[in-house]
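Undergrad: So here's data_22.cif (mmCIF, C-alpha atoms).
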data_target
loop_
_atom_site.group_PDB
_atom_site.id
_atom_site.type_symbol
_atom_site.label_atom_id
_atom_site.label_comp_id
_atom_site.auth_asym_id
_atom_site.auth_seq_id
_atom_site.Cartn_x
_atom_site.Cartn_y
_atom_site.Cartn_z
ATOM 1 C CA MET A 1 99.889 102.331 65.681
ATOM 2 C CA SER A 2 97.369 101.848 62.895
ATOM 3 C CA GLN A 3 95.437 99.571 65.247
ATOM 4 C CA LEU A 4 95.404 102.329 67.875
ATOM 5 C CA VAL A 5 94.048 104.821 65.367
ATOM 6 C CA LEU A 6 91.509 102.255 64.164
ATOM 7 C CA LEU A 7 90.323 101.631 67.725
ATOM 8 C CA ILE A 8 89.850 105.337 68.346
ATOM 9 C CA GLN A 9 88.029 105.740 65.045
ATOM 10 C CA GLN A 10 85.786 102.743 65.740
ATOM 11 C CA TYR A 11 85.019 103.207 69.423
ATOM 12 C CA GLY A 12 85.827 106.894 69.795
ATOM 13 C CA VAL A 13 85.191 108.336 73.217
ATOM 14 C CA LEU A 14 84.738 104.895 74.806
ATOM 15 C CA ILE A 15 88.410 104.095 74.235
ATOM 16 C CA VAL A 16 89.428 107.519 75.549
ATOM 17 C CA PHE A 17 87.259 107.082 78.641
ATOM 18 C CA ALA A 18 88.536 103.548 79.359
ATOM 19 C CA VAL A 19 92.251 104.302 78.972
ATOM 20 C CA VAL A 20 92.107 107.532 80.983
ATOM 21 C CA LEU A 21 90.113 105.818 83.731
ATOM 22 C CA VAL A 22 92.589 102.934 83.970
ATOM 23 C CA GLU A 23 95.536 105.332 84.172
ATOM 24 C CA GLN A 24 93.874 107.540 86.770
ATOM 25 C CA ILE A 25 93.005 104.533 88.904
ATOM 26 C CA GLY A 26 96.734 103.924 89.205
ATOM 27 C CA LEU A 27 97.793 101.421 86.543
ATOM 28 C CA PRO A 28 100.956 102.312 84.555
ATOM 29 C CA ILE A 29 99.154 102.874 81.240
ATOM 30 C CA PRO A 30 99.982 106.335 79.814
ATOM 31 C CA ALA A 31 96.833 108.122 78.654
ATOM 32 C CA MET A 32 98.345 111.408 77.469
ATOM 33 C CA PRO A 33 99.643 109.939 74.153
ATOM 34 C CA LEU A 34 96.153 108.608 73.472
ATOM 35 C CA LEU A 35 94.632 112.042 74.120
ATOM 36 C CA ILE A 36 97.133 113.606 71.725
ATOM 37 C CA VAL A 37 96.287 111.058 69.014
ATOM 38 C CA ALA A 38 92.578 111.617 69.653
ATOM 39 C CA GLY A 39 93.126 115.369 69.318
ATOM 40 C CA ALA A 40 94.938 114.884 66.008
ATOM 41 C CA LEU A 41 92.033 112.784 64.705
ATOM 42 C CA ALA A 42 89.591 115.414 65.921
ATOM 43 C CA ALA A 43 91.480 118.068 63.949
ATOM 44 C CA GLY A 44 90.804 116.002 60.843
ATOM 45 C CA GLY A 45 87.108 115.761 61.650
ATOM 46 C CA GLU A 46 87.210 111.997 62.293
ATOM 47 C CA ILE A 47 85.939 112.251 65.868
ATOM 48 C CA SER A 48 84.532 115.000 68.077
ATOM 49 C CA TRP A 49 87.080 116.904 70.152
ATOM 50 C CA ALA A 50 84.350 117.951 72.597
ATOM 51 C CA ALA A 51 83.304 114.319 73.130
ATOM 52 C CA CYS A 52 86.951 113.291 73.733
ATOM 53 C CA LEU A 53 87.401 116.097 76.222
ATOM 54 C CA ALA A 54 84.167 115.188 78.027
ATOM 55 C CA ALA A 55 85.106 111.484 78.150
ATOM 56 C CA SER A 56 88.544 112.244 79.597
ATOM 57 C CA LEU A 57 87.080 114.666 82.112
ATOM 58 C CA ALA A 58 84.442 112.134 83.221
ATOM 59 C CA ALA A 59 87.075 109.416 83.693
ATOM 60 C CA CYS A 60 89.301 111.736 85.736
ATOM 61 C CA MET A 61 86.459 112.863 87.979
ATOM 62 C CA LEU A 62 85.210 109.309 88.539
ATOM 63 C CA SER A 63 88.669 108.092 89.556
ATOM 64 C CA ASP A 64 89.447 111.145 91.684
ATOM 65 C CA PHE A 65 86.183 110.922 93.616
ATOM 66 C CA PHE A 66 86.705 107.190 94.209
ATOM 67 C CA TRP A 67 90.158 107.789 95.718
ATOM 68 C CA PHE A 68 88.880 110.825 97.618
ATOM 69 C CA ARG A 69 86.219 108.713 99.335
ATOM 70 C CA ALA A 70 88.746 105.928 99.968
ATOM 71 C CA GLY A 71 91.063 108.439 101.624
ATOM 72 C CA ARG A 72 88.188 109.803 103.701
ATOM 73 C CA PHE A 73 87.281 106.362 105.089
ATOM 74 C CA TYR A 74 90.654 104.564 105.155
ATOM 75 C CA GLY A 75 93.110 107.460 105.484
ATOM 76 C CA LYS A 76 96.752 106.570 105.777
ATOM 77 C CA ARG A 77 96.224 102.946 104.743
ATOM 78 C CA VAL A 78 95.259 104.026 101.216
ATOM 79 C CA LEU A 79 98.318 106.276 100.938
ATOM 80 C CA ARG A 80 100.619 103.481 102.042
ATOM 81 C CA LEU A 81 99.065 101.117 99.494
ATOM 82 C CA LEU A 82 99.512 103.567 96.621
ATOM 83 C CA CYS A 83 103.090 104.362 97.594
ATOM 84 C CA LYS A 84 104.015 100.693 97.912
ATOM 85 C CA ILE A 85 103.063 100.061 94.289
ATOM 86 C CA SER A 86 104.873 103.153 93.017
ATOM 87 C CA LEU A 87 108.351 103.011 91.472
ATOM 88 C CA SER A 88 109.774 105.189 94.260
ATOM 89 C CA PRO A 89 108.003 104.090 97.470
ATOM 90 C CA ASP A 90 110.714 105.441 99.767
ATOM 91 C CA VAL A 91 110.020 109.069 98.874
ATOM 92 C CA CYS A 92 106.406 108.818 97.713
ATOM 93 C CA VAL A 93 104.746 109.620 101.045
ATOM 94 C CA SER A 94 107.062 112.402 102.179
ATOM 95 C CA GLN A 95 107.110 114.226 98.822
ATOM 96 C CA THR A 96 103.329 114.056 98.459
ATOM 97 C CA GLU A 97 102.702 115.232 102.016
ATOM 98 C CA ASP A 98 105.137 118.120 101.580
ATOM 99 C CA LYS A 99 103.461 119.277 98.355
ATOM 100 C CA PHE A 100 99.996 119.045 99.877
ATOM 101 C CA ARG A 101 101.093 120.902 103.030
ATOM 102 C CA LEU A 102 102.547 123.754 100.966
ATOM 103 C CA TYR A 103 99.663 124.232 98.543
ATOM 104 C CA GLY A 104 96.704 122.388 100.081
ATOM 105 C CA VAL A 105 93.818 121.212 97.919
ATOM 106 C CA LYS A 106 94.807 123.800 95.282
ATOM 107 C CA SER A 107 97.683 121.488 94.348
ATOM 108 C CA LEU A 108 95.111 119.264 92.623
ATOM 109 C CA ILE A 109 95.036 121.793 89.767
ATOM 110 C CA VAL A 110 98.491 120.634 88.624
ATOM 111 C CA ALA A 111 98.585 117.207 90.300
ATOM 112 C CA LYS A 112 97.939 115.279 87.090
ATOM 113 C CA PHE A 113 101.079 116.702 85.534
ATOM 114 C CA ILE A 114 103.263 115.440 88.418
ATOM 115 C CA PRO A 115 104.118 111.697 88.368
ATOM 116 C CA GLY A 116 103.222 110.037 91.659
ATOM 117 C CA PHE A 117 101.325 112.981 93.069
ATOM 118 C CA ASN A 118 98.459 112.398 90.652
ATOM 119 C CA ALA A 119 97.441 109.115 92.309
ATOM 120 C CA VAL A 120 98.110 110.158 95.913
ATOM 121 C CA GLY A 121 96.627 113.680 95.852
ATOM 122 C CA PRO A 122 92.896 112.766 95.905
ATOM 123 C CA PRO A 123 93.062 110.227 98.789
ATOM 124 C CA LEU A 124 95.287 112.611 100.744
ATOM 125 C CA ALA A 125 92.682 115.353 100.304
ATOM 126 C CA GLY A 126 90.053 112.970 101.638
ATOM 127 C CA ALA A 127 92.191 111.903 104.582
ATOM 128 C CA MET A 128 92.884 115.549 105.459
ATOM 129 C CA GLY A 129 89.156 116.251 105.764
ATOM 130 C CA THR A 130 88.745 118.436 102.672
ATOM 131 C CA SER A 131 85.041 119.073 101.987
ATOM 132 C CA ALA A 132 83.582 117.271 98.975
ATOM 133 C CA PRO A 133 82.432 120.455 97.136
ATOM 134 C CA ARG A 134 85.863 122.072 97.556
ATOM 135 C CA PHE A 135 87.623 118.902 96.413
ATOM 136 C CA LEU A 136 85.360 118.499 93.377
ATOM 137 C CA ALA A 137 85.923 122.107 92.335
ATOM 138 C CA PHE A 138 89.715 121.824 92.279
ATOM 139 C CA SER A 139 89.653 118.273 90.913
ATOM 140 C CA PHE A 140 87.415 119.404 88.058
ATOM 141 C CA THR A 141 89.713 122.337 87.279
ATOM 142 C CA GLY A 142 92.820 120.140 87.259
ATOM 143 C CA SER A 143 91.141 117.406 85.193
ATOM 144 C CA LEU A 144 89.868 119.923 82.646
ATOM 145 C CA LEU A 145 93.315 121.514 82.347
ATOM 146 C CA TRP A 146 95.095 118.169 81.923
ATOM 147 C CA SER A 147 92.571 116.815 79.398
ATOM 148 C CA SER A 148 92.591 120.082 77.440
ATOM 149 C CA VAL A 149 96.390 120.023 77.170
ATOM 150 C CA GLY A 150 96.328 116.505 75.713
ATOM 151 C CA VAL A 151 93.497 116.996 73.219
ATOM 152 C CA GLY A 152 94.592 120.556 72.410
ATOM 153 C CA ALA A 153 98.187 119.516 71.716
ATOM 154 C CA GLY A 154 96.966 116.843 69.321
ATOM 155 C CA MET A 155 94.763 119.320 67.472
ATOM 156 C CA LEU A 156 97.441 122.021 67.356
ATOM 157 C CA PHE A 157 100.226 119.730 66.128
ATOM 158 C CA HIS A 158 98.101 117.258 64.190
ATOM 159 C CA ASN A 159 100.354 117.376 61.135
ATOM 160 C CA SER A 160 103.387 116.406 63.222
ATOM 161 C CA VAL A 161 101.377 113.715 65.017
ATOM 162 C CA ASP A 162 100.256 112.254 61.681
ATOM 163 C CA ARG A 163 103.859 112.078 60.458
ATOM 164 C CA LEU A 164 104.993 110.469 63.708
ATOM 165 C CA LEU A 165 102.245 107.853 63.524
ATOM 166 C CA ALA A 166 103.165 107.113 59.934
ATOM 167 C CA SER A 167 106.826 106.683 60.880
ATOM 168 C CA LEU A 168 105.995 104.377 63.766
ATOM 169 C CA GLU A 169 103.703 102.355 61.543
ATOM 170 C CA THR A 170 106.475 101.780 58.985
ATOM 171 C CA MET A 171 108.791 100.671 61.799
ATOM 172 C CA GLY A 172 106.266 98.018 62.798
ATOM 173 C CA GLY A 173 107.509 95.751 65.603
ATOM 174 C CA ALA A 174 110.712 97.755 65.986
ATOM 175 C CA ALA A 175 108.734 100.705 67.349
ATOM 176 C CA LEU A 176 106.962 98.542 69.889
ATOM 177 C CA SER A 177 110.248 96.906 70.928
ATOM 178 C CA THR A 178 111.870 100.316 71.351
ATOM 179 C CA LEU A 179 109.052 101.611 73.545
ATOM 180 C CA ALA A 180 109.072 98.423 75.634
ATOM 181 C CA GLY A 181 112.846 98.677 76.013
ATOM 182 C CA LEU A 182 112.598 102.265 77.234
ATOM 183 C CA LEU A 183 109.974 101.232 79.794
ATOM 184 C CA VAL A 184 112.197 98.409 81.060
ATOM 185 C CA LEU A 185 115.146 100.809 81.331
ATOM 186 C CA LEU A 186 113.030 103.233 83.359
ATOM 187 C CA VAL A 187 111.967 100.518 85.816
ATOM 188 C CA LEU A 188 115.562 99.250 86.047
ATOM 189 C CA TYR A 189 116.849 102.773 86.698
ATOM 190 C CA LYS A 190 114.321 103.270 89.490
ATOM 191 C CA TYR A 191 115.295 99.922 91.025
ATOM 192 C CA VAL A 192 119.038 100.685 90.939
ATOM 193 C CA GLU A 193 118.392 104.176 92.298
ATOM 194 C CA ARG A 194 116.358 102.755 95.162
ATOM 195 C CA ARG A 195 119.018 100.141 96.028
ATOM 196 C CA ARG A 196 121.682 102.850 96.048
ATOM 197 C CA PHE A 197 119.520 105.021 98.284
ATOM 198 C CA LEU A 198 118.961 102.199 100.761
ATOM 199 C CA ARG A 199 122.695 101.487 100.930
ATOM 200 C CA LEU A 200 123.159 105.062 102.110
ATOM 201 C CA GLN A 201 121.030 104.319 105.166
ATOM 202 C CA PRO A 202 123.355 102.168 107.372
ATOM 203 C CA VAL A 203 121.529 103.119 110.553
ATOM 204 C CA GLU A 204 120.842 100.461 113.153
ATOM 205 C CA ARG A 205 117.174 99.695 113.745
ATOM 206 C CA ILE A 206 115.523 99.016 117.069
ATOM 207 C CA GLU A 207 112.666 96.542 117.226
ATOM 208 C CA LEU A 208 109.440 97.461 118.980
ATOM 209 C CA GLN A 209 109.966 94.784 121.637
ATOM 210 C CA GLU A 210 113.328 96.278 122.569
ATOM 211 C CA LEU A 211 111.802 99.753 122.793
ATOM 212 C CA HIS A 212 109.142 98.452 125.181
ATOM 213 C CA ALA A 213 111.867 96.758 127.217
ATOM 214 C CA LEU A 214 113.687 100.077 127.536
ATOM 215 C CA LEU A 215 110.473 101.825 128.589
ATOM 216 C CA ASP A 216 109.550 99.118 131.104
ATOM 217 C CA GLY A 217 113.115 98.994 132.452
ATOM 218 C CA GLY A 218 113.149 102.684 133.323
ATOM 219 C CA HIS A 219 115.854 103.613 130.812
ATOM 220 C CA ALA A 220 113.782 106.575 129.601
ATOM 221 C CA PRO A 221 114.623 106.462 125.888
ATOM 222 C CA VAL A 222 114.112 109.710 124.013
ATOM 223 C CA ILE A 223 111.495 109.083 121.327
ATOM 224 C CA ILE A 224 111.526 111.522 118.421
ATOM 225 C CA ASP A 225 108.696 111.981 115.938
ATOM 226 C CA ALA A 226 110.274 112.710 112.528
ATOM 227 C CA ARG A 227 107.046 112.758 110.492
ATOM 228 C CA SER A 228 105.878 115.631 108.328
ATOM 229 C CA LEU A 229 103.282 118.072 109.624
ATOM 230 C CA THR A 230 100.665 116.527 107.348
ATOM 231 C CA ALA A 231 101.377 113.028 108.647
ATOM 232 C CA GLN A 232 101.071 114.297 112.218
ATOM 233 C CA GLN A 233 97.580 115.544 111.448
ATOM 234 C CA LEU A 234 96.547 112.146 110.102
ATOM 235 C CA GLU A 235 97.727 110.014 113.045
ATOM 236 C CA ALA A 236 98.461 110.691 116.712
ATOM 237 C CA ALA A 237 102.069 110.551 117.884
ATOM 238 C CA ILE A 238 103.610 108.014 120.233
ATOM 239 C CA PRO A 239 102.905 109.276 123.771
ATOM 240 C CA GLY A 240 105.783 111.367 125.105
ATOM 241 C CA ALA A 241 107.525 111.705 121.747
ATOM 242 C CA LEU A 242 109.401 114.923 120.915
ATOM 243 C CA ASN A 243 108.398 116.648 117.686
ATOM 244 C CA TYR A 244 111.515 116.934 115.531
ATOM 245 C CA LEU A 245 110.013 119.828 113.563
ATOM 246 C CA ASP A 246 109.252 121.912 116.659
ATOM 247 C CA CYS A 247 112.858 123.021 117.167
ATOM 248 C CA THR A 248 116.125 123.272 115.297
ATOM 249 C CA THR A 249 118.401 120.249 115.239
ATOM 250 C CA GLY A 250 121.122 122.092 117.167
ATOM 251 C CA GLU A 251 118.771 123.117 119.987
ATOM 252 C CA LEU A 252 117.388 119.616 120.329
ATOM 253 C CA MET A 253 120.807 117.951 120.444
ATOM 254 C CA THR A 254 122.141 120.463 122.966
ATOM 255 C CA ALA A 255 119.286 119.674 125.332
ATOM 256 C CA LEU A 256 119.816 115.880 125.228
ATOM 257 C CA ASP A 257 122.338 113.617 126.938
ATOM 258 C CA LYS A 258 124.591 111.984 124.351
ATOM 259 C CA ASP A 259 124.465 108.704 126.284
ATOM 260 C CA SER A 260 120.671 108.551 126.026
ATOM 261 C CA HIS A 261 118.852 106.007 123.920
ATOM 262 C CA ILE A 262 117.518 107.985 120.941
ATOM 263 C CA VAL A 263 114.666 106.299 119.064
ATOM 264 C CA VAL A 264 113.475 108.045 115.898
ATOM 265 C CA TYR A 265 110.313 107.004 114.076
ATOM 266 C CA CYS A 266 108.272 108.021 111.042
ATOM 267 C CA SER A 267 105.399 106.555 109.023
ATOM 268 C CA CYS A 268 107.114 106.123 105.666
ATOM 269 C CA PRO A 269 108.243 103.024 103.722
ATOM 270 C CA ASN A 270 111.558 101.554 104.908
ATOM 271 C CA ASP A 271 111.691 104.127 107.753
ATOM 272 C CA VAL A 272 113.534 106.472 105.386
ATOM 273 C CA THR A 273 112.943 109.746 107.226
ATOM 274 C CA ALA A 274 113.685 108.150 110.593
ATOM 275 C CA THR A 275 117.029 106.809 109.385
ATOM 276 C CA GLN A 276 117.978 110.197 107.951
ATOM 277 C CA VAL A 277 117.290 111.919 111.270
ATOM 278 C CA ALA A 278 118.997 109.152 113.257
ATOM 279 C CA ARG A 279 122.113 109.574 111.106
ATOM 280 C CA GLN A 280 122.260 113.239 112.077
ATOM 281 C CA PHE A 281 122.292 112.237 115.735
ATOM 282 C CA LEU A 282 124.980 109.617 115.120
ATOM 283 C CA ALA A 283 127.114 112.220 113.339
ATOM 284 C CA ASN A 284 126.909 114.345 116.501
ATOM 285 C CA SER A 285 128.149 111.579 118.830
ATOM 286 C CA PHE A 286 124.752 110.222 119.927
ATOM 287 C CA HIS A 287 126.027 106.655 119.614
ATOM 288 C CA ARG A 288 122.726 105.136 120.796
ATOM 289 C CA ALA A 289 120.566 106.738 118.111
ATOM 290 C CA ARG A 290 118.454 104.230 116.188
ATOM 291 C CA ALA A 291 115.420 104.177 113.897
ATOM 292 C CA LEU A 292 112.306 102.318 115.030
ATOM 293 C CA HIS A 293 111.760 99.376 112.712
ATOM 294 C CA GLY A 294 108.274 99.644 111.256
ATOM 295 C CA GLY A 295 107.778 103.129 112.656
ATOM 296 C CA LEU A 296 104.419 104.329 113.847
ATOM 297 C CA ASP A 297 102.638 101.544 111.962
ATOM 298 C CA ALA A 298 104.366 98.906 114.096
ATOM 299 C CA TRP A 299 103.568 100.825 117.291
ATOM 300 C CA ASN A 300 99.887 101.226 116.429
ATOM 301 C CA ALA A 301 99.531 97.622 115.272
ATOM 302 C CA HIS A 302 101.034 96.305 118.520
ATOM 303 C CA HIS A 303 98.866 98.428 120.771
ATOM 304 C CA LYS A 304 95.754 97.636 118.754
ATOM 305 C CA ALA A 305 96.454 93.911 119.084
ATOM 306 C CA THR A 306 97.125 94.128 122.818
ATOM 307 C CA GLY A 307 94.277 96.566 123.484
ATOM 308 C CA THR A 308 96.554 99.019 125.293
#
As structure tokens, how would this structure be written, given the file I've shared?
TA:
Amino acid sequence: MSQLVLLIQQYGVLIVFAVVLVEQIGLPIPAMPLLIVAGALAAGGEISWAACLAASLAACMLSDFFWFRAGRFYGKRVLRLLCKISLSPDVCVSQTEDKFRLYGVKSLIVAKFIPGFNAVGPPLAGAMGTSAPRFLAFSFTGSLLWSSVGVGAGMLFHNSVDRLLASLETMGGAALSTLAGLLVLLVLYKYVERRRFLRLQPVERIELQELHALLDGGHAPVIIDARSLTAQQLEAAIPGALNYLDCTTGELMTALDKDSHIVVYCSCPNDVTATQVARQFLANSFHRARALHGGLDAWNAHHKATGT
């Protein structure tokens, strides 16, 4: 910890800028503790609190605008990439899309305080066609709020921060081992949680080739789009698909033949939403309900490759 303090004292705002930028880009390096330490040092007059705040704000805005432009040009592909590298990829897309649909670009004000949403919010705003001035206004507000909380907390509780740093310094390697152990436990917990979640999804999948065989053979499978409203705005649906969100589950099931082939798709990792919807159909005696393996991504990739 003394080395951390020494680095901040020696390089000041450059260290703050670099660490915040790396975290905002998406790497799992927590920047908030650094901001708190920097705020505590600023309270003692060792560095400038205004310079720390400006450095953090600049790093946030640079990262946010980068991901905003990436989302504008690459859309859903950027969101899938970010969710694949998250600790909870199965719920990353759906949770982010739901938050953005409820609050729109205004959600960026608190996005940096919400794990997962921080990295996905800016590219989602770009993919949804948010104007650059409107995005920058809310991104700036959220970045300023987040940076101010970190630096301000360090300045307000600088005596407690100093005592904590002193305690960690006396612990030496034990403190580092403890922090590393907690990080490993967090990753392990997320892994076990994800495995348990996947075991709760024993829904049969249908491959794209089999779906095309059903369509070509005149079996008229019922294709159901289970994506969120935000996802539907980003990509067109499979032709002829029924929108699951357009009607209640009971109305939809009453209108369908229980012997029909039901194919549910989404655009989320591991087809999570599709399997959840397909399970509801199976529970109501639709014994041919299945989730499309690969979802809309597989459909689009096939038709792009074949030119159809």
Undergrad: Using the chain letters and numbers from this file, what does the PyMOL selection byres ((chain A and resi 260) around 10) select? Give the answer as a PyMOL selection string.
TA: chain A and resi 219-222+256-259+261-263+286-289
Undergrad: Which residue out of A:Ala283, A:Leu292, A:Ala127, A:Cys266 has the minimum interatomic distance to A:Arg77 when only C-alpha atoms are used?
TA: A:Ala127
Undergrad: Please determine, counting only C-alpha atoms, which residue among A:Asn300, A:Gln233, A:Thr254, A:Ser228 has the shortest atom-to-atom distance to A:Gly75.
TA: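 Nearest candidate to A:Gly75 out of A:Asn300, A:Gln233, A:Thr254, A:Ser228: A:Gln233.
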Undergrad: Distance atom CA of A:Thr273-atom CA of A:Arg227, one decimal place?
TA: 7.4 Å
Undergrad: Where does stretch 210-239 of chain A meet stretch 105-124 of chain A within 12 Å, residue by residue, with the nearest atom pair and distance in Å to one decimal for each, counting only C-alpha atoms, listed by chain and rising number, as CSV?
TA:
residue,atom,partner,partner_atom,distance
A:Thr230,CA,A:Leu124,CA,9.4
A:Ala231,CA,A:Leu124,CA,10.0
A:Gln233,CA,A:Leu124,CA,11.3
A:Leu234,CA,A:Leu124,CA,9.5
Undergrad: Quick one: residues within 10 Å of A:Gln24, all atoms listed in the file, excluding same-chain residues fewer than 4 positions away - as a list of chain:residue names?
TA: A:Ala18, A:Val19, A:Val20, A:Pro28, A:Ile29, A:Pro30, A:Ala31, A:Ala59, A:Cys60, A:Met61, A:Leu62, A:Ser63, A:Asp64, A:Trp67, A:Lys112, A:Asn118, A:Ala119
Undergrad: N, CA and C atoms are needed for stretch 248-266 of chain A; please write them out as a CSV table (one decimal), in the frame of the given file.
TA:
chain,number,residue,atom,x,y,z
A,248,THR,N,115.0,123.5,116.2
A,248,THR,CA,116.1,123.3,115.3
A,248,THR,C,116.9,122.1,115.8
A,249,THR,N,117.6,121.4,114.9
A,249,THR,CA,118.4,120.2,115.2
A,249,THR,C,119.4,120.6,116.3
A,250,GLY,N,120.1,121.7,116.2
A,250,GLY,CA,121.1,122.1,117.2
A,250,GLY,C,120.6,122.3,118.6
A,251,GLU,N,119.4,122.9,118.7
A,251,GLU,CA,118.8,123.1,120.0
A,251,GLU,C,118.4,121.8,120.6
A,252,LEU,N,117.8,120.9,119.8
A,252,LEU,CA,117.4,119.6,120.3
A,252,LEU,C,118.6,118.8,120.8
A,253,MET,N,119.6,118.8,120.1
A,253,MET,CA,120.8,118.0,120.4
A,253,MET,C,121.5,118.5,121.7
A,254,THR,N,121.5,119.8,121.8
A,254,THR,CA,122.1,120.5,123.0
A,254,THR,C,121.4,120.1,124.2
A,255,ALA,N,120.1,119.9,124.1
A,255,ALA,CA,119.3,119.7,125.3
A,255,ALA,C,119.3,118.2,125.8
A,256,LEU,N,119.9,117.3,124.9
A,256,LEU,CA,119.8,115.9,125.2
A,256,LEU,C,121.2,115.3,125.7
A,257,ASP,N,121.1,114.3,126.5
A,257,ASP,CA,122.3,113.6,126.9
A,257,ASP,C,122.8,112.7,125.8
A,258,LYS,N,124.1,112.8,125.5
A,258,LYS,CA,124.6,112.0,124.4
A,258,LYS,C,124.7,110.5,124.7
A,259,ASP,N,124.5,110.1,125.9
A,259,ASP,CA,124.5,108.7,126.3
A,259,ASP,C,123.0,108.1,126.3
A,260,SER,N,122.1,109.0,126.0
A,260,SER,CA,120.7,108.6,126.0
A,260,SER,C,120.4,107.7,124.8
A,261,HIS,N,119.4,106.8,125.0
A,261,HIS,CA,118.9,106.0,123.9
A,261,HIS,C,117.9,106.9,123.1
A,262,ILE,N,118.3,107.1,121.8
A,262,ILE,CA,117.5,108.0,120.9
A,262,ILE,C,116.8,107.1,120.0
A,263,VAL,N,115.5,107.1,120.0
A,263,VAL,CA,114.7,106.3,119.1
A,263,VAL,C,113.9,107.2,118.2
A,264,VAL,N,114.1,107.2,116.9
A,264,VAL,CA,113.5,108.0,115.9
A,264,VAL,C,112.5,107.2,115.1
A,265,TYR,N,111.3,107.7,114.9
A,265,TYR,CA,110.3,107.0,114.1
A,265,TYR,C,109.6,107.9,113.1
A,266,CYS,N,109.1,107.3,112.0
A,266,CYS,CA,108.3,108.0,111.0
A,266,CYS,C,107.1,107.1,110.6
